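Worksheet: the structure to be examined is printed underneath.
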Amino acid sequence: PHAGHGARIMMRSGGDEDDPRLNYVSPLSTRYASREMRENFSDLARFRIWRELWVILAESQVELGMKGVDAEQVSALKNAPDVDIALAEQYERKLRHDVMSHVHALGDQVPVARGIIHLGATSCYITDNSELIQYRRALDMLITMVWRAVANLAQFADEYKSLATLAYTHFQPAQPTTVGKRATLWLQDFMTDAIALEHVRDTLKARGAKGTTG
């Protein structure tokens, strides 16, 4: 399946706008990345995806008739309170395991579903698939921005298609051309990039729900 298929990812809820947990921080991110991109790679966004993956896993188990997993438990997971990072950090200090700390934290928040959280799954089902979903969302954002640049350059090229200028070769003046014509060369690079990024996004595969050797 594709990385984005069937995943109902909750990136925001009410009052999230000023939540510092929704901010991926690095020297490059604070200098160059958009707020939406930093939010996509934030801890809170990642942990919310983990929960969505647990819901999808449990739904599939109910659909397949797996004993011990029922619709009431799945409903409880869907309506769980938001991620309690502080609680998960307490479990992390005790268990020394990132995924299991959130399994236990979610179990405390939704006791009726405690026994089915992460049932039959490996850590990579959570970590690998969640990162792939983040990559796909990032590609969606990036592709939109690149096509926007294409549209802006197309408008610029058309506006200045008759404005004469010198072309360059090896940083030396060459034959006459127009500003619009030069802009179409930049535009072509962006179009090539956008098409390549769309191919990467559209062929991105999810890890799926395999076992440790699957």
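Note on naming: chains are A, B, ... as they come in the structure tokens, residues start from 1 per chain, ligands start from 1 in the order shown.
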
Restrict the calculation to only C-alpha atoms, then for each residue of stretch 75-191 of chain A with any atom at most 12 Å from an atom of stretch 47-65 of chain A give the closest atom pair and their distance in Å to one decimal, rows by chain and rising residue number, as a Markdown table.
| residue | atom | partner | partner_atom | distance |
| --- | --- | --- | --- | --- |
| A:Ser75 | CA | A:Val55 | CA | 8.7 |
| A:Ala76 | CA | A:Val55 | CA | 9.5 |
| A:Leu77 | CA | A:Val55 | CA | 6.3 |
| A:Lys78 | CA | A:Val55 | CA | 6.5 |
| A:Asn79 | CA | A:Val55 | CA | 10.2 |
| A:Ala80 | CA | A:Arg51 | CA | 9.2 |
| A:Pro81 | CA | A:Arg48 | CA | 10.7 |
| A:Asp82 | CA | A:Arg48 | CA | 7.9 |
| A:Val83 | CA | A:Arg48 | CA | 6.7 |
| A:Asp84 | CA | A:Phe47 | CA | 9.5 |
| A:Ile85 | CA | A:Phe47 | CA | 8.6 |
| A:Ala88 | CA | A:Phe47 | CA | 10.2 |
| A:Asp98 | CA | A:Phe47 | CA | 10.2 |
| A:Val99 | CA | A:Trp50 | CA | 8.7 |
| A:Met100 | CA | A:Trp50 | CA | 11.3 |
| A:Ser101 | CA | A:Phe47 | CA | 11.1 |
| A:His102 | CA | A:Phe47 | CA | 8.1 |
| A:Val103 | CA | A:Arg51 | CA | 9.0 |
| A:Ala105 | CA | A:Arg51 | CA | 11.1 |
| A:Leu106 | CA | A:Arg51 | CA | 8.4 |
| A:Gly107 | CA | A:Arg51 | CA | 11.2 |
| A:Val110 | CA | A:Arg51 | CA | 11.8 |
| A:Ala113 | CA | A:Ala58 | CA | 9.8 |
| A:Arg114 | CA | A:Trp54 | CA | 11.4 |
| A:Gly115 | CA | A:Ala58 | CA | 10.8 |
| A:Ile116 | CA | A:Ala58 | CA | 7.1 |
| A:Ile117 | CA | A:Trp54 | CA | 6.3 |
| A:His118 | CA | A:Trp54 | CA | 6.0 |
| A:Leu119 | CA | A:Ala58 | CA | 7.9 |
| A:Gly120 | CA | A:Leu57 | CA | 9.1 |
| A:Ala121 | CA | A:Leu57 | CA | 8.4 |
| A:Thr122 | CA | A:Trp54 | CA | 11.2 |
| A:Ser123 | CA | A:Trp50 | CA | 10.2 |
| A:Cys124 | CA | A:Trp50 | CA | 10.8 |
| A:Tyr125 | CA | A:Leu53 | CA | 8.2 |
| A:Ile126 | CA | A:Trp50 | CA | 5.7 |
| A:Thr127 | CA | A:Trp50 | CA | 7.5 |
| A:Asp128 | CA | A:Trp50 | CA | 10.0 |
| A:Asn129 | CA | A:Leu53 | CA | 8.1 |
| A:Ser130 | CA | A:Ile49 | CA | 5.8 |
| A:Glu131 | CA | A:Ile49 | CA | 8.9 |
| A:Leu132 | CA | A:Ile49 | CA | 10.5 |
| A:Ile133 | CA | A:Ile49 | CA | 8.1 |
| A:Gln134 | CA | A:Ile49 | CA | 8.6 |
| A:Arg137 | CA | A:Ile49 | CA | 11.7 |

Exercise for the section: Excluding A:Asp140 and any residue of its chain fewer than 5 positions from it, enumerate the residues within 10 Å of it, using only C-alpha atoms, and give them as a PyMOL selection string. Expected result: chain A and resi 134-135+145+197-198+201

Problem - Residue nearest A:Arg136 among A:Ser29, A:Asn40, A:Asn23, A:Gln73 (counting only C-alpha atoms) - result: A:Asn40

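Contact shell of A:Tyr168 at 10 Å (only C-alpha atoms; same-chain neighbours under 6 positions omitted): A:Ala174, A:Gln175, A:Pro176, A:Thr177, A:Arg182.
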
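Relative to atom CA of A:Ala194, atom CA of A:Trp147 is found at 6.5 Å.
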
Completion exercise
atom CA of A:Met191 to atom CA of A:Ala138 measures 18.0 Å

Practice task
Name the residues of stretch 28-179 of chain A that come out as strand (DSSP E or B) in a backbone DSSP run; write them as a ChimeraX atom specification.
Solution key: /A:164-169,172-178

Would you mind exporting N, CA and C atoms of the selected residues as an mmCIF file, in the first residue's frame?
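Saved the output as result.cif:
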data_model
loop_
_atom_site.group_PDB
_atom_site.id
_atom_site.type_symbol
_atom_site.label_atom_id
_atom_site.label_comp_id
_atom_site.auth_asym_id
_atom_site.auth_seq_id
_atom_site.Cartn_x
_atom_site.Cartn_y
_atom_site.Cartn_z
ATOM 1 N N ALA A 164 14.760 43.016 -24.145
ATOM 2 C CA ALA A 164 16.050 42.517 -24.626
ATOM 3 C C ALA A 164 17.098 42.499 -23.523
ATOM 4 N N THR A 165 17.969 41.511 -23.600
ATOM 5 C CA THR A 165 19.107 41.408 -22.689
ATOM 6 C C THR A 165 20.159 40.532 -23.344
ATOM 7 N N LEU A 166 21.313 40.442 -22.722
ATOM 8 C CA LEU A 166 22.366 39.572 -23.242
ATOM 9 C C LEU A 166 22.283 38.196 -22.588
ATOM 10 N N ALA A 167 22.433 37.178 -23.392
ATOM 11 C CA ALA A 167 22.598 35.833 -22.847
ATOM 12 C C ALA A 167 24.048 35.669 -22.416
ATOM 13 N N TYR A 168 24.291 34.656 -21.593
ATOM 14 C CA TYR A 168 25.644 34.434 -21.093
ATOM 15 C C TYR A 168 26.068 32.996 -21.361
ATOM 16 N N THR A 169 27.365 32.801 -21.550
ATOM 17 C CA THR A 169 27.948 31.474 -21.624
ATOM 18 C C THR A 169 29.281 31.521 -20.892
ATOM 19 N N GLN A 172 30.285 34.764 -19.568
ATOM 20 C CA GLN A 172 30.687 35.804 -20.509
ATOM 21 C C GLN A 172 29.477 36.199 -21.363
ATOM 22 N N PRO A 173 29.348 37.493 -21.741
ATOM 23 C CA PRO A 173 28.245 37.908 -22.614
ATOM 24 C C PRO A 173 28.279 37.146 -23.932
ATOM 25 N N ALA A 174 27.101 36.723 -24.386
ATOM 26 C CA ALA A 174 26.988 35.971 -25.638
ATOM 27 C C ALA A 174 26.024 36.710 -26.560
ATOM 28 N N GLN A 175 25.097 35.988 -27.165
ATOM 29 C CA GLN A 175 24.203 36.624 -28.128
ATOM 30 C C GLN A 175 22.998 37.258 -27.431
ATOM 31 N N PRO A 176 22.319 38.185 -28.107
ATOM 32 C CA PRO A 176 21.128 38.826 -27.517
ATOM 33 C C PRO A 176 19.992 37.812 -27.319
ATOM 34 N N THR A 177 19.228 38.034 -26.282
ATOM 35 C CA THR A 177 18.033 37.229 -26.015
ATOM 36 C C THR A 177 17.036 38.134 -25.317
ATOM 37 N N THR A 178 16.058 37.577 -24.649
ATOM 38 C CA THR A 178 15.117 38.393 -23.862
ATOM 39 C C THR A 178 15.083 37.872 -22.431
#

Practice task
Would you list, as number ranges by chain, the residues of stretch 6-165 of chain A that end up in helix (DSSP H, G or I) under DSSP run on this structure's backbone?
Solution key: A: 16-18, 27-32, 35-40, 43-63, 71-78, 85-95, 98-109, 111-116, 123-159

Would you mind listing what lies within 12 Å of A:Ser26 as an mmCIF file with C-alpha atoms, in the first residue's frame, with only C-alpha atoms counted and same-chain residues fewer than 3 positions away left out?
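New file out19.cif:
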data_model
loop_
_atom_site.group_PDB
_atom_site.id
_atom_site.type_symbol
_atom_site.label_atom_id
_atom_site.label_comp_id
_atom_site.auth_asym_id
_atom_site.auth_seq_id
_atom_site.Cartn_x
_atom_site.Cartn_y
_atom_site.Cartn_z
ATOM 1 C CA ASN A 23 7.649 22.689 16.113
ATOM 2 C CA SER A 29 14.597 24.430 10.167
ATOM 3 C CA THR A 30 14.470 27.683 12.094
ATOM 4 C CA ARG A 31 16.288 29.470 9.267
ATOM 5 C CA TYR A 32 14.570 28.052 6.190
ATOM 6 C CA ALA A 33 11.593 25.767 6.881
ATOM 7 C CA ARG A 38 8.270 22.147 11.013
ATOM 8 C CA PHE A 41 8.165 16.834 11.582
ATOM 9 C CA SER A 42 7.413 17.791 15.180
#

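The gap separating atom CA of A:Val150 from atom CA of A:Leu185 is 10.9 Å, in Å to one decimal.
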
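The nearest approach to A:His199 among the residues A:Ala154, A:His170, A:Leu139, A:Lys161, with only C-alpha atoms taken into account, belongs to A:Leu139.
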
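With only C-alpha atoms as the basis for measurement, A:His104 is the residue among A:Ile195, A:Ser162, A:His104, A:Phe156 that approaches A:Glu89 most closely.
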